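S.K.: Input file: upload_18.txt. Contents: compact mmCIF, C-alpha atoms.
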```txt
# COMPACT_ATOMS: atom_id res chain seq x y z
CA MET R 25 -19.20 21.41 0.84
CA GLU R 26 -17.99 22.75 -2.51
CA PRO R 27 -19.63 21.26 -5.61
CA VAL R 28 -17.48 18.67 -7.44
CA ARG R 29 -17.52 17.41 -11.00
CA LEU R 30 -20.03 14.63 -11.52
CA SER R 31 -17.38 12.36 -13.05
CA LYS R 32 -15.25 12.69 -9.92
CA ARG R 33 -18.24 11.97 -7.69
CA LEU R 34 -19.14 8.85 -9.68
CA ALA R 35 -15.57 7.58 -9.21
CA GLU R 36 -15.67 8.39 -5.47
CA LEU R 37 -18.88 6.34 -5.17
CA GLY R 38 -17.13 3.41 -6.85
CA LEU R 39 -19.65 3.33 -9.69
CA CYS R 40 -17.04 3.69 -12.45
CA SER R 41 -13.75 5.40 -13.29
CA ARG R 42 -13.66 9.10 -14.14
CA ARG R 43 -12.94 8.31 -17.79
CA GLU R 44 -15.86 5.90 -17.92
CA ALA R 45 -18.05 8.48 -16.19
CA ASP R 46 -17.44 11.04 -18.93
CA ALA R 47 -18.31 8.44 -21.59
CA TYR R 48 -21.53 7.47 -19.76
CA ILE R 49 -22.53 11.12 -19.30
CA GLU R 50 -21.96 11.77 -23.03
CA LYS R 51 -24.26 8.85 -23.87
CA GLY R 52 -26.95 10.10 -21.51
CA TRP R 53 -26.57 7.12 -19.17
CA VAL R 54 -26.28 9.16 -15.94
CA THR R 55 -29.03 11.01 -14.09
CA VAL R 56 -28.84 13.46 -11.19
CA ASP R 57 -32.04 13.77 -9.17
CA GLY R 58 -33.87 12.11 -12.05
CA GLN R 59 -32.55 14.49 -14.74
CA VAL R 60 -30.15 13.41 -17.49
CA ALA R 61 -26.69 14.76 -16.65
CA VAL R 62 -24.44 16.81 -18.93
CA LEU R 63 -20.66 16.85 -19.30
CA GLY R 64 -18.95 19.15 -16.84
CA GLN R 65 -21.92 19.17 -14.47
CA LYS R 66 -21.15 19.63 -10.77
CA VAL R 67 -22.95 18.04 -7.85
CA VAL R 68 -23.11 18.36 -4.07
CA PRO R 69 -23.51 15.64 -1.40
CA GLY R 70 -27.06 14.39 -1.04
CA GLN R 71 -27.98 14.55 -4.70
CA ARG R 72 -29.28 11.27 -6.13
CA ILE R 73 -26.92 9.95 -8.80
CA GLU R 74 -27.90 6.89 -10.84
CA LEU R 75 -26.41 4.87 -13.69
CA ASP R 76 -28.66 3.67 -16.51
CA SER R 77 -29.04 -0.10 -16.95
CA ARG R 78 -27.10 0.20 -20.23
CA ALA R 79 -24.05 1.46 -18.31
CA LYS R 80 -24.34 -1.40 -15.83
CA ARG R 81 -24.67 -3.91 -18.67
CA SER R 82 -21.61 -2.44 -20.35
CA GLN R 83 -19.65 -2.84 -17.11
CA SER R 84 -20.78 -6.45 -16.63
CA GLU R 85 -19.36 -7.35 -20.04
CA ARG R 86 -15.89 -6.07 -19.17
CA VAL R 87 -13.24 -8.61 -18.27
CA THR R 88 -10.25 -8.75 -15.96
CA ILE R 89 -7.35 -11.01 -16.87
CA LEU R 90 -4.64 -12.45 -14.62
CA ILE R 91 -1.23 -13.25 -16.11
CA ASN R 92 1.75 -14.98 -14.57
CA LYS R 93 4.20 -12.59 -16.20
CA PRO R 94 7.60 -13.97 -17.18
CA VAL R 95 10.85 -11.98 -17.18
CA GLY R 96 11.33 -9.89 -20.31
CA TYR R 97 7.83 -8.44 -20.70
CA VAL R 98 6.75 -4.94 -19.68
CA SER R 99 3.48 -4.30 -17.88
CA GLY R 100 2.07 -1.61 -20.17
CA GLN R 101 3.05 -0.17 -23.55
CA ALA R 102 5.93 -1.69 -25.51
CA GLU R 103 9.25 -0.01 -24.75
CA LYS R 104 12.91 -0.38 -25.73
CA GLY R 105 12.11 -3.35 -27.95
CA TYR R 106 10.32 -5.25 -25.19
CA GLN R 107 6.78 -6.53 -25.69
CA PRO R 108 3.88 -5.80 -23.35
CA ALA R 109 2.54 -8.71 -21.31
CA ALA R 110 -0.81 -8.28 -23.09
CA VAL R 111 0.63 -10.09 -26.15
CA LEU R 112 0.41 -13.27 -24.08
CA VAL R 113 -3.40 -13.01 -24.04
CA THR R 114 -4.26 -15.35 -26.90
CA PRO R 115 -6.76 -18.23 -27.04
CA GLN R 116 -3.90 -20.71 -27.39
CA ASN R 117 -2.16 -19.35 -24.30
CA GLN R 118 -5.16 -19.48 -21.94
CA TRP R 119 -4.51 -21.71 -18.92
CA ARG R 120 -6.29 -25.05 -19.20
CA GLY R 121 -7.16 -24.78 -15.51
CA ASP R 122 -9.22 -21.60 -16.10
CA ASP R 123 -12.65 -22.43 -14.64
CA SER R 124 -14.15 -18.94 -14.97
CA ARG R 125 -16.54 -20.15 -17.72
CA THR R 126 -15.79 -16.96 -19.66
CA ARG R 127 -15.33 -17.65 -23.37
CA PHE R 128 -12.53 -15.78 -25.12
CA SER R 129 -13.53 -12.96 -27.45
CA PRO R 130 -11.32 -10.53 -29.41
CA GLU R 131 -13.43 -7.80 -27.73
CA HIS R 132 -11.68 -8.71 -24.47
CA LEU R 133 -8.42 -7.28 -25.83
CA LYS R 134 -9.84 -3.79 -26.38
CA GLY R 135 -9.02 -1.23 -23.71
CA LEU R 136 -7.14 -3.80 -21.63
CA ALA R 137 -4.81 -1.93 -19.26
CA PRO R 138 -2.49 -2.98 -16.41
CA ALA R 139 -3.73 -2.29 -12.88
CA GLY R 140 -0.32 -1.84 -11.31
CA ARG R 141 3.22 -2.36 -12.60
CA LEU R 142 5.49 -5.36 -12.47
CA ASP R 143 9.08 -4.65 -13.50
CA ILE R 144 10.49 -6.21 -16.66
CA ASP R 145 12.84 -8.38 -14.58
CA SER R 146 10.11 -9.47 -12.13
CA VAL R 147 7.62 -12.32 -12.48
CA GLY R 148 4.25 -13.26 -11.11
CA LEU R 149 0.74 -11.91 -10.84
CA LEU R 150 -0.13 -9.07 -13.23
CA VAL R 151 -3.69 -7.77 -13.60
CA LEU R 152 -4.98 -6.47 -16.93
CA THR R 153 -8.49 -5.07 -16.91
CA GLN R 154 -11.14 -3.32 -19.00
CA ASP R 155 -12.97 -2.32 -15.82
CA GLY R 156 -12.11 1.04 -14.28
CA ARG R 157 -13.63 -0.05 -10.97
CA VAL R 158 -11.09 -2.87 -10.70
CA ALA R 159 -8.20 -0.55 -11.53
CA LYS R 160 -9.39 1.98 -8.94
CA THR R 161 -9.63 -0.74 -6.28
CA ILE R 162 -6.05 -1.88 -6.89
CA ILE R 163 -4.18 1.32 -7.72
CA GLY R 164 -6.53 4.15 -6.78
CA GLU R 165 -5.19 7.01 -4.69
CA HIS R 166 -6.76 5.64 -1.50
CA SER R 167 -6.30 1.93 -2.23
CA GLU R 168 -5.59 -0.28 0.78
CA VAL R 169 -5.18 -3.46 -1.28
CA GLU R 170 -2.14 -5.49 -0.24
CA LYS R 171 0.40 -6.82 -2.73
CA GLU R 172 2.49 -9.80 -1.63
CA TYR R 173 5.89 -10.79 -3.02
CA LEU R 174 8.54 -13.48 -2.61
CA VAL R 175 11.95 -11.82 -2.91
CA ARG R 176 15.21 -13.73 -3.27
CA VAL R 177 18.15 -11.66 -2.06
CA SER R 178 21.92 -11.73 -1.68
CA GLY R 179 23.86 -9.98 1.07
CA SER R 180 23.47 -9.87 4.83
CA LEU R 181 20.67 -8.34 6.86
CA ASN R 182 20.70 -7.76 10.61
CA ASP R 183 17.68 -7.25 12.88
CA ALA R 184 17.93 -3.46 12.57
CA GLY R 185 17.84 -3.72 8.77
CA LEU R 186 14.81 -5.99 8.87
CA LYS R 187 13.09 -3.54 11.19
CA LEU R 188 13.78 -0.73 8.71
CA LEU R 189 12.27 -2.75 5.87
CA ASN R 190 9.10 -3.03 7.91
CA HIS R 191 8.97 0.67 8.72
CA GLY R 192 11.34 3.62 8.66
CA LEU R 193 12.64 3.88 5.09
CA GLU R 194 11.93 6.67 2.64
CA LEU R 195 12.17 6.92 -1.13
CA ASP R 196 12.27 10.09 -3.21
CA GLY R 197 12.09 12.14 -0.02
CA GLN R 198 8.84 10.51 1.13
CA ALA R 199 8.39 8.13 4.05
CA LEU R 200 7.11 4.72 2.99
CA LEU R 201 3.97 3.26 4.47
CA PRO R 202 4.54 0.46 7.02
CA ALA R 203 5.18 -2.88 5.31
CA LYS R 204 5.28 -6.47 6.53
CA VAL R 205 8.60 -8.13 5.79
CA TRP R 206 9.99 -11.38 7.19
CA TRP R 207 12.33 -14.20 6.25
CA GLN R 208 10.62 -16.95 4.24
CA ASN R 209 13.81 -19.04 4.22
CA GLU R 210 17.55 -18.39 4.43
CA ASP R 211 17.78 -16.41 1.17
CA GLN R 212 14.22 -15.31 0.55
CA LEU R 213 12.10 -12.56 2.11
CA ARG R 214 8.32 -12.20 1.97
CA PHE R 215 7.05 -8.63 1.46
CA ILE R 216 3.50 -7.32 1.89
CA LEU R 217 3.04 -3.74 0.68
CA ARG R 218 0.11 -1.34 0.43
CA GLU R 219 1.77 0.97 -2.10
CA GLY R 220 3.71 0.52 -5.31
CA LYS R 221 6.43 3.05 -6.01
CA LYS R 222 8.64 2.39 -9.01
CA ARG R 223 11.02 -0.52 -8.28
CA GLN R 224 10.12 -0.07 -4.63
CA ILE R 225 11.23 -3.43 -3.25
CA ARG R 226 14.55 -3.40 -5.10
CA ARG R 227 15.28 0.12 -3.85
CA MET R 228 14.23 -0.74 -0.28
CA CYS R 229 16.59 -3.70 -0.29
CA GLU R 230 19.46 -1.57 -1.61
CA LEU R 231 18.98 0.83 1.30
CA VAL R 232 19.68 -1.99 3.79
CA GLY R 233 22.56 -3.53 1.86
CA LEU R 234 20.72 -6.29 -0.01
CA LYS R 235 20.57 -7.07 -3.72
CA VAL R 236 17.40 -8.55 -5.20
CA VAL R 237 18.17 -11.53 -7.42
CA GLY R 238 14.58 -12.66 -7.97
CA LEU R 239 11.15 -11.12 -7.37
CA LYS R 240 7.75 -12.79 -7.73
CA ARG R 241 4.33 -11.28 -6.94
CA VAL R 242 2.08 -13.98 -5.52
CA ARG R 243 -1.02 -12.08 -4.35
CA ILE R 244 -3.03 -8.90 -4.93
CA GLY R 245 -5.70 -8.39 -2.29
CA LYS R 246 -7.67 -11.62 -1.98
CA VAL R 247 -6.57 -12.92 -5.40
CA MET R 248 -3.69 -15.42 -5.40
CA LEU R 249 -1.34 -16.36 -8.23
CA GLY R 250 -1.91 -19.97 -7.19
CA ASP R 251 -1.15 -22.66 -9.78
CA LEU R 252 -1.28 -20.36 -12.80
CA PRO R 253 1.80 -21.37 -14.86
CA GLN R 254 4.34 -18.78 -15.90
CA GLY R 255 3.44 -17.20 -19.23
CA LYS R 256 -0.21 -18.33 -19.05
CA TRP R 257 -3.35 -16.32 -18.28
CA ARG R 258 -6.86 -16.76 -16.96
CA TYR R 259 -10.00 -14.70 -16.42
CA LEU R 260 -10.92 -13.32 -13.02
CA LYS R 261 -13.87 -15.41 -11.86
CA PRO R 262 -17.23 -13.77 -11.12
CA ASN R 263 -16.93 -14.61 -7.42
CA GLU R 264 -13.36 -13.28 -7.03
CA ARG R 265 -12.78 -9.86 -5.51
CA PHE R 266 -9.56 -7.99 -4.84
```
What is this file in structure tokens?
M.R.:
Amino acid sequence: MEPVRLSKRLAELGLCSRREADAYIEKGWVTVDGQVAVLGQKVVPGQRIELDSRAKRSQSERVTILINKPVGYVSGQAEKGYQPAAVLVTPQNQWRGDDSRTRFSPEHLKGLAPAGRLDIDSVGLLVLTQDGRVAKTIIGEHSEVEKEYLVRVSGSLNDAGLKLLNHGLELDGQALLPAKVWWQNEDQLRFILREGKKRQIRRMCELVGLKVVGLKRVRIGKVMLGDLPQGKWRYLKPNERF
């Protein structure tokens, strides 16, 4: 096989993100076959790649935060006068039911980035993380992590339309991956997706003659929104995995 950049290989192994890999290599925290690696180095399969204990300690100190995002907040950077959901992460706004045993620190706000979007007019589970491994798990190119939504709709949908929502639609000229979609009640559908194109559910519904009037994400992988109140946040617990 062709040699690949060490940072890419570290990300493929799930040891860190590519950006983190470059930072660790610069600090001398990565070895290849027992030798300290250098930026831009390439490796081939079979070479022994190891992270220094300082890199592992740095990773263990990184936090992941779950927010029940209300309408009116954007997932990432502020835009068009709307605030990012990260402004909700304050000590006063932490959910009283948070039993993670992680104590709030201003350091937890540094480098906090959304792992997946949630539209400004959608609510529910939003993940903010300092950990590139978590982001890669949720939104990496080969991620298989499911995202589950409750979607309130108006309009009529026949069996053929429901079948299309499950499989057969395309957006932007690309076929969508199979989804799982079924009626939760008379005006609400439940969606389970393994991808996250921009405004995907709203656009899927439009293609079958439905209008979305409310959208709530209730699960990402094995992590549930649960009882987390709207507008509040909590830490991901040490035993929780996406």
S.K.: Which residue gives the smallest distance to Arg72 (chain R) among R:Ile49, R:Val236, R:Val158, R:Leu37, with only C-alpha atoms counted?
M.R.: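 Smallest distance to Arg72 (chain R) is found for R:Leu37.
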S.K.: Name the closest residue to Gln59 (chain R) among the candidates R:Gln116, R:Gln71, R:Ser124, R:Ser99; distances are taken between atoms, counting all atoms listed in the file.
M.R.: R:Gln71
S.K.: Please determine an axis-aligned box that encloses all atoms of region 255-258 of chain R listed in the file, with 4 Å added on each side, and express its centre and edge lengths in Å to one decimal as AutoDock Vina command-line options.
M.R.:
```
--center_x -1.7 --center_y -17.3 --center_z -18.1 --size_x 18.3 --size_y 10.0 --size_z 10.3
```
S.K.: For Ile163 (chain R), find every residue with an atom within 10 Å (counting all atoms listed in the file), except residues of its own chain fewer than 3 positions away, and show them as a list in words.
M.R.: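 Everything that qualifies: Pro138, Ala139, Gly140, Arg141, Val158, Ala159, Lys160, His166, Ser167, Glu168, Val169, Arg218, Glu219 and Gly220 of chain R.
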S.K.: Tell me which protein, DNA and RNA residues are within 12 Å of Asp57 (chain R), counting all atoms listed in the file, leaving out same-chain ones fewer than 4 positions away, and put them as a JSON list (two decimals) with C-alpha atoms, keeping the file's coordinate frame.
M.R.:
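Here's the written file around.json:
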```
[["chain", "number", "residue", "atom", "x", "y", "z"],
["R", 61, "ALA", "CA", -26.69, 14.76, -16.65],
["R", 67, "VAL", "CA", -22.95, 18.04, -7.85],
["R", 68, "VAL", "CA", -23.11, 18.36, -4.07],
["R", 69, "PRO", "CA", -23.51, 15.64, -1.40],
["R", 70, "GLY", "CA", -27.06, 14.39, -1.04],
["R", 71, "GLN", "CA", -27.98, 14.55, -4.70],
["R", 72, "ARG", "CA", -29.28, 11.27, -6.13],
["R", 73, "ILE", "CA", -26.92, 9.95, -8.80],
["R", 74, "GLU", "CA", -27.90, 6.89, -10.84],
["R", 75, "LEU", "CA", -26.41, 4.87, -13.69]]
```
